[in-house]
$ cat target-v6.cif   # mmCIF, C-alpha atoms (C1' of nucleotides)
data_my_file
loop_
_atom_site.label_atom_id
_atom_site.label_comp_id
_atom_site.auth_asym_id
_atom_site.auth_seq_id
_atom_site.Cartn_x
_atom_site.Cartn_y
_atom_site.Cartn_z
CA MET A 8 141.58 75.75 222.90
CA ARG A 9 142.80 72.26 223.66
CA VAL A 10 142.04 70.30 226.78
CA SER A 11 145.74 70.18 227.48
CA GLN A 12 145.82 73.99 227.71
CA ILE A 13 143.22 74.25 230.46
CA GLY A 14 145.89 74.26 233.15
CA ARG A 15 147.29 77.54 231.87
CA MET A 16 144.22 79.48 232.95
CA LYS A 17 144.70 81.63 236.02
CA CYS A 18 141.99 79.77 237.88
CA PRO A 19 142.44 77.21 240.65
CA VAL A 20 139.57 75.09 239.37
CA ALA A 21 141.04 74.91 235.88
CA ARG A 22 144.47 74.05 237.26
CA THR A 23 143.02 71.23 239.29
CA LEU A 24 141.11 70.01 236.26
CA SER A 25 144.29 69.86 234.25
CA ILE A 26 145.49 67.15 236.63
CA VAL A 27 142.36 65.31 237.74
CA GLY A 28 139.78 66.38 235.20
CA ASP A 29 139.39 63.03 233.52
CA PRO A 30 137.04 60.21 234.44
CA TRP A 31 139.67 57.46 234.36
CA THR A 32 142.07 59.51 236.43
CA LEU A 33 139.42 60.13 239.05
CA LEU A 34 138.51 56.45 239.12
CA ILE A 35 142.16 55.65 239.80
CA ILE A 36 142.12 58.15 242.65
CA ARG A 37 138.92 56.64 244.02
CA GLU A 38 140.65 53.25 243.96
CA LEU A 39 143.62 54.63 245.83
CA PHE A 40 141.32 55.93 248.57
CA LEU A 41 139.68 52.49 248.63
CA ARG A 42 143.17 51.10 249.29
CA SER A 43 143.94 49.64 245.87
CA ARG A 44 147.66 49.72 245.25
CA ARG A 45 148.46 47.62 242.24
CA PHE A 46 148.18 47.91 238.49
CA GLU A 47 146.01 44.84 238.30
CA GLU A 48 143.58 46.15 240.91
CA PHE A 49 143.15 49.45 239.10
CA GLN A 50 142.59 47.61 235.87
CA GLY A 51 140.13 45.14 237.33
CA TYR A 52 138.08 47.54 239.42
CA THR A 53 137.91 50.39 236.91
CA GLY A 54 137.71 48.30 233.73
CA MET A 55 140.02 50.62 231.87
CA ALA A 56 142.39 49.56 229.11
CA PRO A 57 145.91 48.80 230.31
CA TYR A 58 147.38 51.21 227.81
CA LEU A 59 145.38 54.04 229.28
CA LEU A 60 146.11 52.96 232.82
CA THR A 61 149.84 53.07 232.14
CA ALA A 62 149.55 56.52 230.62
CA ARG A 63 147.44 57.89 233.48
CA LEU A 64 149.61 56.43 236.22
CA LYS A 65 152.69 57.86 234.59
CA GLN A 66 151.13 61.29 234.35
CA LEU A 67 149.84 61.22 237.92
CA ALA A 68 153.30 60.27 239.16
CA LYS A 69 154.78 63.12 237.15
CA ASP A 70 152.22 65.49 238.67
CA GLY A 71 153.17 64.33 242.15
CA VAL A 72 149.75 62.93 243.03
CA LEU A 73 151.02 59.39 243.49
CA GLU A 74 154.29 57.53 243.87
CA ARG A 75 155.33 54.44 242.00
CA ARG A 76 157.56 52.15 243.95
CA ALA A 77 158.81 48.61 243.72
CA TYR A 78 157.33 46.36 246.38
CA GLN A 79 159.48 43.44 245.29
CA GLN A 80 162.52 42.70 243.16
CA ARG A 81 162.74 39.62 240.87
CA PRO A 82 160.37 39.87 239.33
CA ARG A 83 160.16 43.58 239.74
CA ARG A 84 156.67 44.60 240.79
CA TYR A 85 155.35 48.05 241.49
CA GLU A 86 152.72 49.60 243.68
CA TYR A 87 151.21 53.03 243.61
CA ARG A 88 150.47 55.20 246.63
CA LEU A 89 149.01 58.63 247.14
CA THR A 90 151.45 61.34 248.12
CA ASP A 91 150.40 64.14 250.49
CA LYS A 92 149.32 66.05 247.41
CA GLY A 93 147.17 63.09 246.41
CA LEU A 94 145.76 62.54 249.91
CA ASP A 95 144.69 66.14 249.88
CA LEU A 96 142.22 65.26 247.12
CA TYR A 97 140.09 63.64 249.78
CA PRO A 98 137.51 66.45 249.99
CA LEU A 99 137.05 66.20 246.23
CA VAL A 100 136.38 62.47 246.37
CA VAL A 101 134.05 62.84 249.36
CA ALA A 102 132.16 65.60 247.55
CA MET A 103 131.68 63.30 244.56
CA ALA A 104 130.57 60.44 246.77
CA GLN A 105 128.04 62.59 248.58
CA TRP A 106 126.59 64.04 245.43
CA GLY A 107 126.29 60.58 243.94
CA ASP A 108 124.49 59.33 247.03
CA ARG A 109 122.10 62.24 247.03
CA TRP A 110 121.29 62.53 243.36
CA MET A 111 122.14 59.23 241.71
CA ALA A 112 121.01 56.76 244.35
CA ASP A 113 119.07 53.64 243.54
CA ALA A 114 116.84 51.37 245.59
CA ALA A 115 119.80 49.34 246.85
CA GLY A 116 120.81 52.12 249.23
CA PRO A 117 124.19 53.85 249.58
CA PRO A 118 127.01 51.63 248.31
CA LEU A 119 129.56 53.28 250.59
CA LYS A 120 129.48 54.41 254.19
CA LEU A 121 131.90 56.82 255.79
CA VAL A 122 132.34 56.60 259.53
CA HIS A 123 134.06 59.28 261.52
CA LYS A 124 136.54 57.33 263.65
CA HIS A 125 136.47 59.86 266.46
CA CYS A 126 132.73 60.22 267.05
CA GLY A 127 131.40 57.22 265.20
CA LEU A 128 128.91 59.14 263.09
CA HIS A 129 127.77 57.31 260.00
CA SER A 130 127.42 60.14 257.55
CA ALA A 131 129.44 62.03 255.05
CA PRO A 132 131.17 65.20 256.20
CA GLY A 133 130.08 68.53 254.76
CA LEU A 134 131.54 71.93 254.01
CA ASN A 135 131.94 74.23 256.98
CA CYS A 136 133.40 77.67 257.55
CA PRO A 137 136.68 77.20 259.44
CA GLU A 138 136.06 80.41 261.38
CA CYS A 139 132.49 80.22 262.61
CA GLY A 140 131.89 76.53 262.01
CA GLU A 141 128.66 77.04 260.08
CA ALA A 142 127.74 74.73 257.21
CA VAL A 143 128.14 76.60 253.95
CA GLY A 144 126.46 76.39 250.56
CA PRO A 145 126.76 78.45 247.39
CA ARG A 146 124.38 81.13 248.70
CA ASP A 147 126.51 81.70 251.80
CA MET A 148 129.71 82.57 250.03
CA GLN A 149 130.74 85.56 248.02
CA THR A 150 133.16 84.83 245.21
CA GLU A 151 135.72 87.52 244.53
CA MET A 152 137.85 87.19 241.44
CA GLN A 153 141.22 88.81 241.96
CA PRO A 154 142.90 91.07 239.36
CA VAL A 155 145.10 88.25 238.05
CA MET A 156 142.05 86.16 237.21
CA LEU A 157 139.99 89.05 235.87
CA ALA A 158 142.84 90.00 233.54
CA ASP A 159 143.16 86.45 232.30
CA ARG A 160 139.45 86.24 231.60
CA ALA A 161 139.47 89.59 229.83
CA ARG A 162 142.29 88.29 227.64
CA MET A 163 140.33 85.14 226.81
CA TRP A 164 137.21 87.11 226.02
CA LYS A 165 139.12 89.44 223.73
CA ARG A 166 140.68 86.54 221.90
CA PHE A 167 137.29 84.91 221.47
CA LYS A 168 135.73 88.10 220.11
CA ARG A 169 138.62 88.65 217.75
CA GLN A 170 138.22 85.14 216.37
CA THR A 171 134.48 85.39 215.82
CA ARG A 172 134.83 88.73 214.10
CA ALA A 173 137.41 87.29 211.74
CA ALA A 174 135.00 84.61 210.52
CA MET B 22 134.93 49.17 229.38
CA ARG B 23 133.85 52.45 227.86
CA VAL B 24 133.81 55.78 229.61
CA SER B 25 130.07 55.89 228.98
CA GLN B 26 129.59 52.76 231.09
CA ILE B 27 131.20 54.18 234.22
CA GLY B 28 127.86 55.33 235.56
CA ARG B 29 126.62 51.75 235.81
CA MET B 30 129.04 50.92 238.60
CA LYS B 31 127.47 50.64 242.00
CA CYS B 32 129.64 53.41 243.38
CA PRO B 33 128.58 56.97 244.13
CA VAL B 34 131.89 58.37 242.89
CA ALA B 35 131.57 56.59 239.56
CA ARG B 36 127.98 57.73 239.16
CA THR B 37 128.97 61.33 239.78
CA LEU B 38 131.82 60.96 237.31
CA SER B 39 129.44 59.75 234.65
CA ILE B 40 127.81 63.19 234.79
CA VAL B 41 130.59 65.61 235.68
CA GLY B 42 133.74 63.59 234.98
CA ASP B 43 134.91 65.60 232.03
CA PRO B 44 137.11 68.70 232.01
CA TRP B 45 134.86 70.77 229.71
CA THR B 46 131.78 69.89 231.70
CA LEU B 47 133.44 70.95 234.91
CA LEU B 48 134.60 74.19 233.36
CA ILE B 49 131.00 74.92 232.37
CA ILE B 50 129.96 74.26 235.96
CA ARG B 51 132.69 76.53 237.25
CA GLU B 52 131.37 79.24 234.93
CA LEU B 53 127.85 78.77 236.23
CA PHE B 54 129.09 79.28 239.79
CA LEU B 55 130.91 82.39 238.56
CA ARG B 56 127.52 83.60 237.30
CA SER B 57 127.97 83.01 233.59
CA ARG B 58 124.61 82.27 232.01
CA ARG B 59 124.95 82.46 228.27
CA PHE B 60 126.34 80.30 225.52
CA GLU B 61 128.73 83.01 224.44
CA GLU B 62 130.12 83.44 227.94
CA PHE B 63 130.80 79.74 228.31
CA GLN B 64 132.47 79.70 224.94
CA GLY B 65 134.57 82.77 225.59
CA TYR B 66 135.68 81.98 229.12
CA THR B 67 136.36 78.28 228.63
CA GLY B 68 137.72 78.44 225.08
CA MET B 69 135.88 75.30 224.09
CA ALA B 70 134.57 74.57 220.60
CA PRO B 71 130.92 75.52 220.12
CA TYR B 72 130.09 72.03 218.90
CA LEU B 73 131.29 70.56 222.16
CA LEU B 74 129.62 73.24 224.22
CA THR B 75 126.27 72.48 222.60
CA ALA B 76 126.71 68.78 223.25
CA ARG B 77 127.72 69.28 226.88
CA LEU B 78 124.95 71.74 227.68
CA LYS B 79 122.39 69.40 226.16
CA GLN B 80 123.67 66.51 228.23
CA LEU B 81 123.79 68.52 231.44
CA ALA B 82 120.23 69.66 230.89
CA LYS B 83 119.18 66.06 230.30
CA ASP B 84 120.94 65.05 233.51
CA GLY B 85 119.07 67.76 235.41
CA VAL B 86 122.18 69.70 236.43
CA LEU B 87 121.16 72.85 234.58
CA GLU B 88 118.10 74.34 232.93
CA ARG B 89 117.94 75.92 229.53
CA ARG B 90 115.42 78.66 229.23
CA ALA B 91 114.59 81.45 226.84
CA TYR B 92 115.36 84.86 228.26
CA GLN B 93 113.86 86.59 225.23
CA GLN B 94 111.70 85.84 222.23
CA ARG B 95 112.42 87.28 218.75
CA PRO B 96 115.11 86.47 218.34
CA ARG B 97 114.88 83.53 220.68
CA ARG B 98 117.81 83.51 223.07
CA TYR B 99 118.60 81.07 225.80
CA GLU B 100 120.31 81.14 229.14
CA TYR B 101 121.48 78.30 231.34
CA ARG B 102 121.07 78.08 235.09
CA LEU B 103 121.99 75.57 237.72
CA THR B 104 119.15 73.54 239.16
CA ASP B 105 119.19 72.47 242.81
CA LYS B 106 120.99 69.35 241.67
CA GLY B 107 123.59 71.56 240.01
CA LEU B 108 123.89 73.96 242.94
CA ASP B 109 124.61 70.97 245.10
CA LEU B 110 127.87 70.50 243.18
CA TYR B 111 129.23 73.46 245.13
CA PRO B 112 131.37 71.38 247.53
CA LEU B 113 132.97 69.70 244.54
CA VAL B 114 133.89 73.00 242.92
CA VAL B 115 135.15 74.43 246.21
CA ALA B 116 137.26 71.32 246.76
CA MET B 117 138.84 71.77 243.34
CA ALA B 118 139.46 75.46 243.94
CA GLN B 119 141.12 74.77 247.28
CA TRP B 120 143.32 72.04 245.95
CA GLY B 121 144.36 74.25 243.06
CA ASP B 122 145.24 77.06 245.44
CA ARG B 123 147.22 74.79 247.68
CA TRP B 124 149.11 72.72 245.13
CA MET B 125 149.11 74.60 241.86
CA ALA B 126 149.59 78.17 243.02
CA ASP B 127 151.95 80.59 241.35
CA ALA B 128 153.62 83.79 242.50
CA ALA B 129 150.60 85.90 241.56
CA GLY B 130 148.67 84.68 244.60
CA PRO B 131 145.21 83.09 244.73
CA PRO B 132 143.11 84.08 241.72
CA LEU B 133 139.86 83.62 243.62
CA LYS B 134 138.72 84.54 247.11
CA LEU B 135 135.73 83.09 248.89
CA VAL B 136 134.20 85.17 251.64
CA HIS B 137 131.72 83.75 254.09
CA LYS B 138 128.89 86.30 254.03
CA HIS B 139 127.89 85.57 257.58
CA CYS B 140 131.18 85.92 259.40
CA GLY B 141 133.29 87.65 256.79
CA LEU B 142 136.12 85.13 256.84
CA HIS B 143 138.33 85.19 253.77
CA SER B 144 139.16 81.55 253.40
CA ALA B 145 137.84 78.48 251.76
CA PRO B 146 135.60 76.21 253.79
CA GLY B 147 136.75 72.73 254.69
CA LEU B 148 135.32 69.32 255.39
CA ASN B 149 133.83 68.87 258.86
CA CYS B 150 131.98 66.11 260.64
CA PRO B 151 128.33 67.20 260.91
CA GLU B 152 128.03 65.55 264.33
CA CYS B 153 131.08 66.64 266.28
CA GLY B 154 132.16 69.52 264.06
CA GLU B 155 135.76 68.37 263.78
CA ALA B 156 137.72 68.93 260.58
CA VAL B 157 138.17 65.60 258.82
CA GLY B 158 140.81 64.18 256.52
CA PRO B 159 141.31 60.76 254.95
CA ARG B 160 142.91 59.37 258.11
CA ASP B 161 139.90 60.29 260.23
CA MET B 162 137.33 58.37 258.29
CA GLN B 163 136.68 54.70 257.91
CA THR B 164 135.32 53.65 254.55
CA GLU B 165 132.85 50.79 254.62
CA MET B 166 131.80 49.29 251.34
CA GLN B 167 128.29 47.89 251.55
CA PRO B 168 127.31 44.48 250.11
CA VAL B 169 125.87 46.00 246.93
CA MET B 170 129.20 47.62 246.11
CA LEU B 171 131.29 44.64 247.16
CA ALA B 172 129.23 42.38 244.91
CA ASP B 173 129.62 44.73 241.98
CA ARG B 174 133.36 44.88 242.46
CA ALA B 175 133.58 41.11 242.75
CA ARG B 176 131.70 40.85 239.46
CA MET B 177 134.09 43.28 237.77
CA TRP B 178 137.11 41.45 239.11
CA LYS B 179 135.81 38.13 237.89
CA ARG B 180 135.13 39.51 234.45
CA PHE B 181 138.62 40.97 234.31
CA LYS B 182 140.22 37.69 235.35
CA ARG B 183 138.15 35.74 232.86
CA GLN B 184 139.28 38.05 230.08
CA THR B 185 142.95 37.85 230.90
CA ARG B 186 142.84 34.08 231.13
CA ALA B 187 141.21 33.87 227.70
CA ALA B 188 144.10 35.71 226.05
"C1'" DT C 11 121.04 97.79 202.69
"C1'" DT C 12 124.53 96.49 205.55
"C1'" DA C 13 126.80 95.37 209.73
"C1'" DG C 14 126.24 93.35 214.14
"C1'" DT C 15 124.54 90.01 217.71
"C1'" DT C 16 123.68 85.50 219.66
"C1'" DA C 17 123.32 80.84 219.38
"C1'" DC C 18 124.32 77.59 217.35
"C1'" DT C 19 125.67 73.62 213.05
"C1'" DT C 20 128.73 71.43 209.73
"C1'" DC C 21 132.86 69.46 208.22
"C1'" DA C 22 137.43 67.59 207.40
"C1'" DA C 23 141.75 66.87 209.82
"C1'" DT C 24 143.71 65.31 213.95
"C1'" DA C 25 143.97 62.97 218.32
"C1'" DT C 26 142.46 59.73 221.66
"C1'" DT C 27 140.30 55.53 223.19
"C1'" DT C 28 139.04 50.78 222.76
"C1'" DG C 29 139.47 45.74 222.70
"C1'" DA C 30 142.16 42.17 221.57
"C1'" DA C 31 146.40 40.15 221.48
"C1'" DG C 32 151.25 39.92 222.56
"C1'" DT C 33 155.57 40.57 225.61
"C1'" DT C 34 158.74 40.37 229.59
"C1'" DA C 35 160.44 38.45 233.55
"C1'" DC C 36 159.92 35.83 236.69
"C1'" DT C 37 158.03 31.54 240.29
"C1'" DG C 38 156.53 27.14 241.58
"C1'" DA C 39 154.66 22.40 240.31
"C1'" DG C 40 155.46 18.13 238.08
"C1'" DC D 4 163.69 21.10 232.37
"C1'" DT D 5 159.23 22.18 230.79
"C1'" DC D 6 154.93 24.15 231.41
"C1'" DA D 7 151.21 26.73 233.57
"C1'" DG D 8 150.62 30.86 236.14
"C1'" DT D 9 151.20 35.77 237.62
"C1'" DA D 10 151.94 40.82 237.34
"C1'" DA D 11 152.81 44.60 234.73
"C1'" DC D 12 152.86 46.22 231.03
"C1'" DT D 13 153.19 47.19 225.20
"C1'" DT D 14 151.46 47.11 220.52
"C1'" DC D 15 148.18 47.77 216.99
"C1'" DA D 16 144.27 48.62 214.03
"C1'" DA D 17 139.55 50.11 214.25
"C1'" DA D 18 136.20 53.01 216.37
"C1'" DT D 19 135.18 57.34 218.49
"C1'" DA D 20 135.81 62.07 219.97
"C1'" DT D 21 137.85 66.64 219.60
"C1'" DT D 22 139.58 70.63 217.11
"C1'" DG D 23 139.59 74.85 214.33
"C1'" DA D 24 137.66 77.01 210.76
"C1'" DA D 25 133.83 78.24 208.41
"C1'" DG D 26 128.96 78.66 207.77
"C1'" DT D 27 123.86 79.39 209.08
"C1'" DA D 28 119.58 81.39 211.18
"C1'" DA D 29 116.94 84.83 212.97
"C1'" DC D 30 116.66 88.64 214.22
"C1'" DT D 31 117.91 94.38 215.47
"C1'" DA D 32 119.76 98.90 214.78
"C1'" DA D 33 121.98 102.47 211.78
#

$ encode --input "target-v6.cif" --output "C-alpha cells"
Amino acid sequence: MRVSQIGRMKCPVARTLSIVGDPWTLLIIRELFLRSRRFEEFQGYTGMAPYLLTARLKQLAKDGVLERRAYQQRPRRYEYRLTDKGLDLYPLVVAMAQWGDRWMADAAGPPLKLVHKHCGLHSAPGLNCPECGEAVGPRDMQTEMQPVMLADRARMWKRFKRQTRAA
Amino acid sequence: MRVSQIGRMKCPVARTLSIVGDPWTLLIIRELFLRSRRFEEFQGYTGMAPYLLTARLKQLAKDGVLERRAYQQRPRRYEYRLTDKGLDLYPLVVAMAQWGDRWMADAAGPPLKLVHKHCGLHSAPGLNCPECGEAVGPRDMQTEMQPVMLADRARMWKRFKRQTRAA
DNA sequence: TTAGTTACTTCAATATTTGAAGTTACTGAG
DNA sequence: CTCAGTAACTTCAAATATTGAAGTAACTAA
C-alpha cells in the first residue's frame, strides 16, 4: 500500500494522517499556531526546502486546513492562515507539545509555556471526559470499532493473506 | 535541513515529531492502541511493506515508545507493546481520531467509538484546563515562548537569511 | 515429506527529498 | 535610470527513501 492510500481506510486516525501525517506539514501547522503567516517565516523557522514548502502549502489549502490570501498587491504577496478546520487541530498540537515536554525535555526547561487566559494557570491542558469531567487515559476508555471499520479491516487482512499465500 | 534534524530544534512539538512524525509510525501506534501486538497484524492492518515495518519498529523500540519481547521460544516469536512513554501518546491518537470524525467523516458514520468506562459516555474526550476544568481551544490559551526557544528560532532565522543572501 | 506459520530480509524500480541556484515582480536609494 | 533588496516562489541534478515482489529462516503439524 502507498502512503497516499492511507486516507482511504475507514478509520478516523488514518484519515487525519492522510492530511497531517507528515513532519513538514505538522511543522507548518505548529508555525501557524505560533502566529507565523508568511512563506518566508515558514521557510526560516522550519528549515524546509522552498520546493517542499510550496507543495505542502498548496496541499493544505486544497484540504481546507489553511487559506492562502494576498495581503498586498504590487508586488503580489500572500499570507497563510488557519481555517476553522485548521484551528481545530489545536488539541493535536497541544498533545504533541505536552508529550515532548514530558518525554523529550532537556536541562534547559520547557521551551514553550501555555497559559490559560481565563484562570491564568501555567500548564498544558489535558484530556477530560466531557460528561463527568474526569481526566482520561488509555486505561479509562473502551474502544469500540463499528461494523464499517471492522469490515474494512477484515478486507485488508484478507488481501494481505492472499498476497502472502501467492508468494 | 533534513527531516532527521527536526528533533534538534528546541521545541517540544518538533521533538515529538522527530519520533512520531511519520504516517507509518503513527499507524503502528494506532494499531497498538487497538490492541495489535504482532508483526503480522501491523503489516496486515496498515498495509505497509515489511521492510519499512521492521525499520519503524526498531526505531520505536530504540526511542522507548514500545518494547519488543519474545512471547515464545522455538520458534522464537516476538510481540510489541507500548511502554509508559508510548501509552502517553494516547491524547495524540485521540486528537487525531476526533479530528478525523469531525472533518473527514463519511455517510457511514463514525468508524470508532470511545466509551468512558467510568461514566459510560459515548463521546471522545476533549481538552480541558486542569485547574479550572474549562474546555480550552486555541483562543483560550496564550503561548509564551521561553528564551531557549526564542534563541533557537533566532539562530535558525539568521542561518536562513545568511543562506539566501549568499545566493 | 510437504505444507503452513511467523517474522522477517533482499533487491531493483520508482518516487520523494535535498541543497543550491535561478526567476519574477516589484520598491526604494542614489 | 540603475542597482541593491525583498518576498515568494521554480528548477534541477544528486542523494535518499519507499514500494512490491520475491526469498529466507526456523520451526510445527499432518

$ atom_distance --input "target-v6.cif" --atom1 "CA of Glu165 in chain B" --atom2 "CA of Ala56 in chain A"
27.3 Å

$ calpha_fit_and_write --input "target-v6.cif" --fixed "chain B" --moving "chain A" --output "compact mmCIF listing (two decimals) with C-alpha atoms, in the frame of the given file"
# COMPACT_ATOMS: atom_id res chain seq x y z
CA MET A 8 134.92 49.11 229.43
CA ARG A 9 133.84 52.37 227.86
CA VAL A 10 133.78 55.72 229.58
CA SER A 11 130.07 55.86 228.95
CA GLN A 12 129.59 52.73 231.08
CA ILE A 13 131.20 54.15 234.20
CA GLY A 14 127.85 55.30 235.55
CA ARG A 15 126.62 51.72 235.80
CA MET A 16 129.04 50.90 238.60
CA LYS A 17 127.46 50.61 242.02
CA CYS A 18 129.63 53.40 243.37
CA PRO A 19 128.58 56.97 244.13
CA VAL A 20 131.88 58.36 242.88
CA ALA A 21 131.56 56.58 239.55
CA ARG A 22 127.96 57.73 239.16
CA THR A 23 128.96 61.31 239.77
CA LEU A 24 131.80 60.95 237.30
CA SER A 25 129.41 59.76 234.64
CA ILE A 26 127.78 63.19 234.78
CA VAL A 27 130.58 65.61 235.67
CA GLY A 28 133.70 63.61 234.97
CA ASP A 29 134.87 65.63 232.02
CA PRO A 30 137.07 68.71 232.01
CA TRP A 31 134.84 70.78 229.72
CA THR A 32 131.75 69.89 231.71
CA LEU A 33 133.42 70.95 234.93
CA LEU A 34 134.58 74.20 233.36
CA ILE A 35 130.98 74.91 232.39
CA ILE A 36 129.93 74.26 235.97
CA ARG A 37 132.68 76.54 237.26
CA GLU A 38 131.35 79.24 234.93
CA LEU A 39 127.85 78.77 236.24
CA PHE A 40 129.08 79.28 239.80
CA LEU A 41 130.92 82.39 238.57
CA ARG A 42 127.53 83.60 237.32
CA SER A 43 127.96 83.01 233.60
CA ARG A 44 124.62 82.30 232.01
CA ARG A 45 124.96 82.46 228.27
CA PHE A 46 126.34 80.30 225.51
CA GLU A 47 128.72 83.01 224.43
CA GLU A 48 130.12 83.45 227.93
CA PHE A 49 130.79 79.75 228.32
CA GLN A 50 132.46 79.69 224.95
CA GLY A 51 134.57 82.77 225.59
CA TYR A 52 135.67 81.98 229.13
CA THR A 53 136.34 78.27 228.64
CA GLY A 54 137.68 78.43 225.08
CA MET A 55 135.86 75.29 224.09
CA ALA A 56 134.54 74.56 220.61
CA PRO A 57 130.90 75.51 220.11
CA TYR A 58 130.06 72.04 218.91
CA LEU A 59 131.26 70.57 222.16
CA LEU A 60 129.59 73.25 224.21
CA THR A 61 126.24 72.48 222.59
CA ALA A 62 126.68 68.78 223.24
CA ARG A 63 127.70 69.28 226.88
CA LEU A 64 124.93 71.75 227.66
CA LYS A 65 122.38 69.42 226.16
CA GLN A 66 123.64 66.51 228.21
CA LEU A 67 123.78 68.52 231.43
CA ALA A 68 120.20 69.67 230.88
CA LYS A 69 119.16 66.08 230.29
CA ASP A 70 120.92 65.07 233.51
CA GLY A 71 119.06 67.77 235.41
CA VAL A 72 122.16 69.72 236.43
CA LEU A 73 121.13 72.86 234.58
CA GLU A 74 118.07 74.35 232.93
CA ARG A 75 117.92 75.93 229.52
CA ARG A 76 115.41 78.69 229.22
CA ALA A 77 114.60 81.47 226.82
CA TYR A 78 115.39 84.89 228.24
CA GLN A 79 113.94 86.63 225.20
CA GLN A 80 111.76 85.89 222.19
CA ARG A 81 112.52 87.31 218.70
CA PRO A 82 115.21 86.51 218.32
CA ARG A 83 114.97 83.58 220.63
CA ARG A 84 117.87 83.56 223.06
CA TYR A 85 118.61 81.10 225.80
CA GLU A 86 120.30 81.14 229.15
CA TYR A 87 121.46 78.32 231.33
CA ARG A 88 121.06 78.10 235.09
CA LEU A 89 121.99 75.57 237.72
CA THR A 90 119.14 73.55 239.16
CA ASP A 91 119.17 72.49 242.83
CA LYS A 92 120.97 69.36 241.68
CA GLY A 93 123.57 71.55 240.00
CA LEU A 94 123.89 73.96 242.94
CA ASP A 95 124.60 70.97 245.11
CA LEU A 96 127.86 70.51 243.19
CA TYR A 97 129.21 73.45 245.13
CA PRO A 98 131.35 71.39 247.54
CA LEU A 99 132.95 69.70 244.54
CA VAL A 100 133.87 73.01 242.93
CA VAL A 101 135.14 74.44 246.22
CA ALA A 102 137.24 71.32 246.77
CA MET A 103 138.81 71.78 243.33
CA ALA A 104 139.44 75.45 243.96
CA GLN A 105 141.10 74.78 247.29
CA TRP A 106 143.31 72.04 245.96
CA GLY A 107 144.35 74.25 243.07
CA ASP A 108 145.22 77.07 245.44
CA ARG A 109 147.24 74.80 247.67
CA TRP A 110 149.10 72.73 245.13
CA MET A 111 149.08 74.61 241.85
CA ALA A 112 149.56 78.18 243.03
CA ASP A 113 151.92 80.58 241.35
CA ALA A 114 153.61 83.77 242.50
CA ALA A 115 150.59 85.89 241.56
CA GLY A 116 148.67 84.67 244.59
CA PRO A 117 145.21 83.08 244.74
CA PRO A 118 143.11 84.06 241.72
CA LEU A 119 139.86 83.61 243.62
CA LYS A 120 138.74 84.52 247.11
CA LEU A 121 135.75 83.08 248.90
CA VAL A 122 134.21 85.16 251.65
CA HIS A 123 131.74 83.76 254.11
CA LYS A 124 128.91 86.30 254.05
CA HIS A 125 127.90 85.61 257.63
CA CYS A 126 131.24 85.93 259.42
CA GLY A 127 133.32 87.65 256.79
CA LEU A 128 136.16 85.14 256.85
CA HIS A 129 138.34 85.20 253.78
CA SER A 130 139.17 81.56 253.39
CA ALA A 131 137.85 78.48 251.75
CA PRO A 132 135.59 76.22 253.79
CA GLY A 133 136.77 72.74 254.69
CA LEU A 134 135.32 69.33 255.40
CA ASN A 135 133.84 68.87 258.84
CA CYS A 136 131.98 66.10 260.64
CA PRO A 137 128.33 67.19 260.91
CA GLU A 138 128.05 65.52 264.31
CA CYS A 139 131.08 66.63 266.28
CA GLY A 140 132.15 69.51 264.07
CA GLU A 141 135.76 68.36 263.77
CA ALA A 142 137.71 68.93 260.56
CA VAL A 143 138.16 65.62 258.80
CA GLY A 144 140.80 64.19 256.49
CA PRO A 145 141.30 60.77 254.93
CA ARG A 146 142.93 59.37 258.08
CA ASP A 147 139.91 60.30 260.21
CA MET A 148 137.34 58.37 258.27
CA GLN A 149 136.72 54.69 257.90
CA THR A 150 135.34 53.65 254.53
CA GLU A 151 132.88 50.78 254.60
CA MET A 152 131.83 49.28 251.31
CA GLN A 153 128.33 47.87 251.54
CA PRO A 154 127.34 44.46 250.12
CA VAL A 155 125.89 45.99 246.94
CA MET A 156 129.22 47.60 246.12
CA LEU A 157 131.33 44.63 247.17
CA ALA A 158 129.25 42.37 244.93
CA ASP A 159 129.64 44.72 242.00
CA ARG A 160 133.39 44.86 242.46
CA ALA A 161 133.62 41.09 242.77
CA ARG A 162 131.72 40.82 239.49
CA MET A 163 134.10 43.25 237.79
CA TRP A 164 137.13 41.44 239.12
CA LYS A 165 135.82 38.10 237.92
CA ARG A 166 135.14 39.49 234.48
CA PHE A 167 138.63 40.95 234.32
CA LYS A 168 140.25 37.67 235.36
CA ARG A 169 138.18 35.73 232.87
CA GLN A 170 139.28 38.04 230.08
CA THR A 171 142.97 37.87 230.90
CA ARG A 172 142.88 34.10 231.15
CA ALA A 173 141.27 33.88 227.73
CA ALA A 174 144.16 35.75 226.10

$ closest_residue --input "target-v6.cif" --among "A:Arg83, A:Lys124, A:Lys165, A:His129" --to "chain D" --atoms "all atoms listed in the file"
A:Arg83

$ residues_around --input "target-v6.cif" --residues "Arg37 in chain A" --least-positions-apart "6" --cutoff "12 Å" --atoms "all atoms listed in the file" --output "PyMOL selection string"
(chain A and resi 27+30-31+43-44+48-49+52-53+88-89+93-94+96-104+119) or (chain B and resi 32-35+37-38+159+164)

$ resolve_selection --input "target-v6.cif" --expression "the PyMOL selection byres ((chain D) within 8 of (chain A))" --output "ChimeraX atom specification"
/D:10-13,22,25
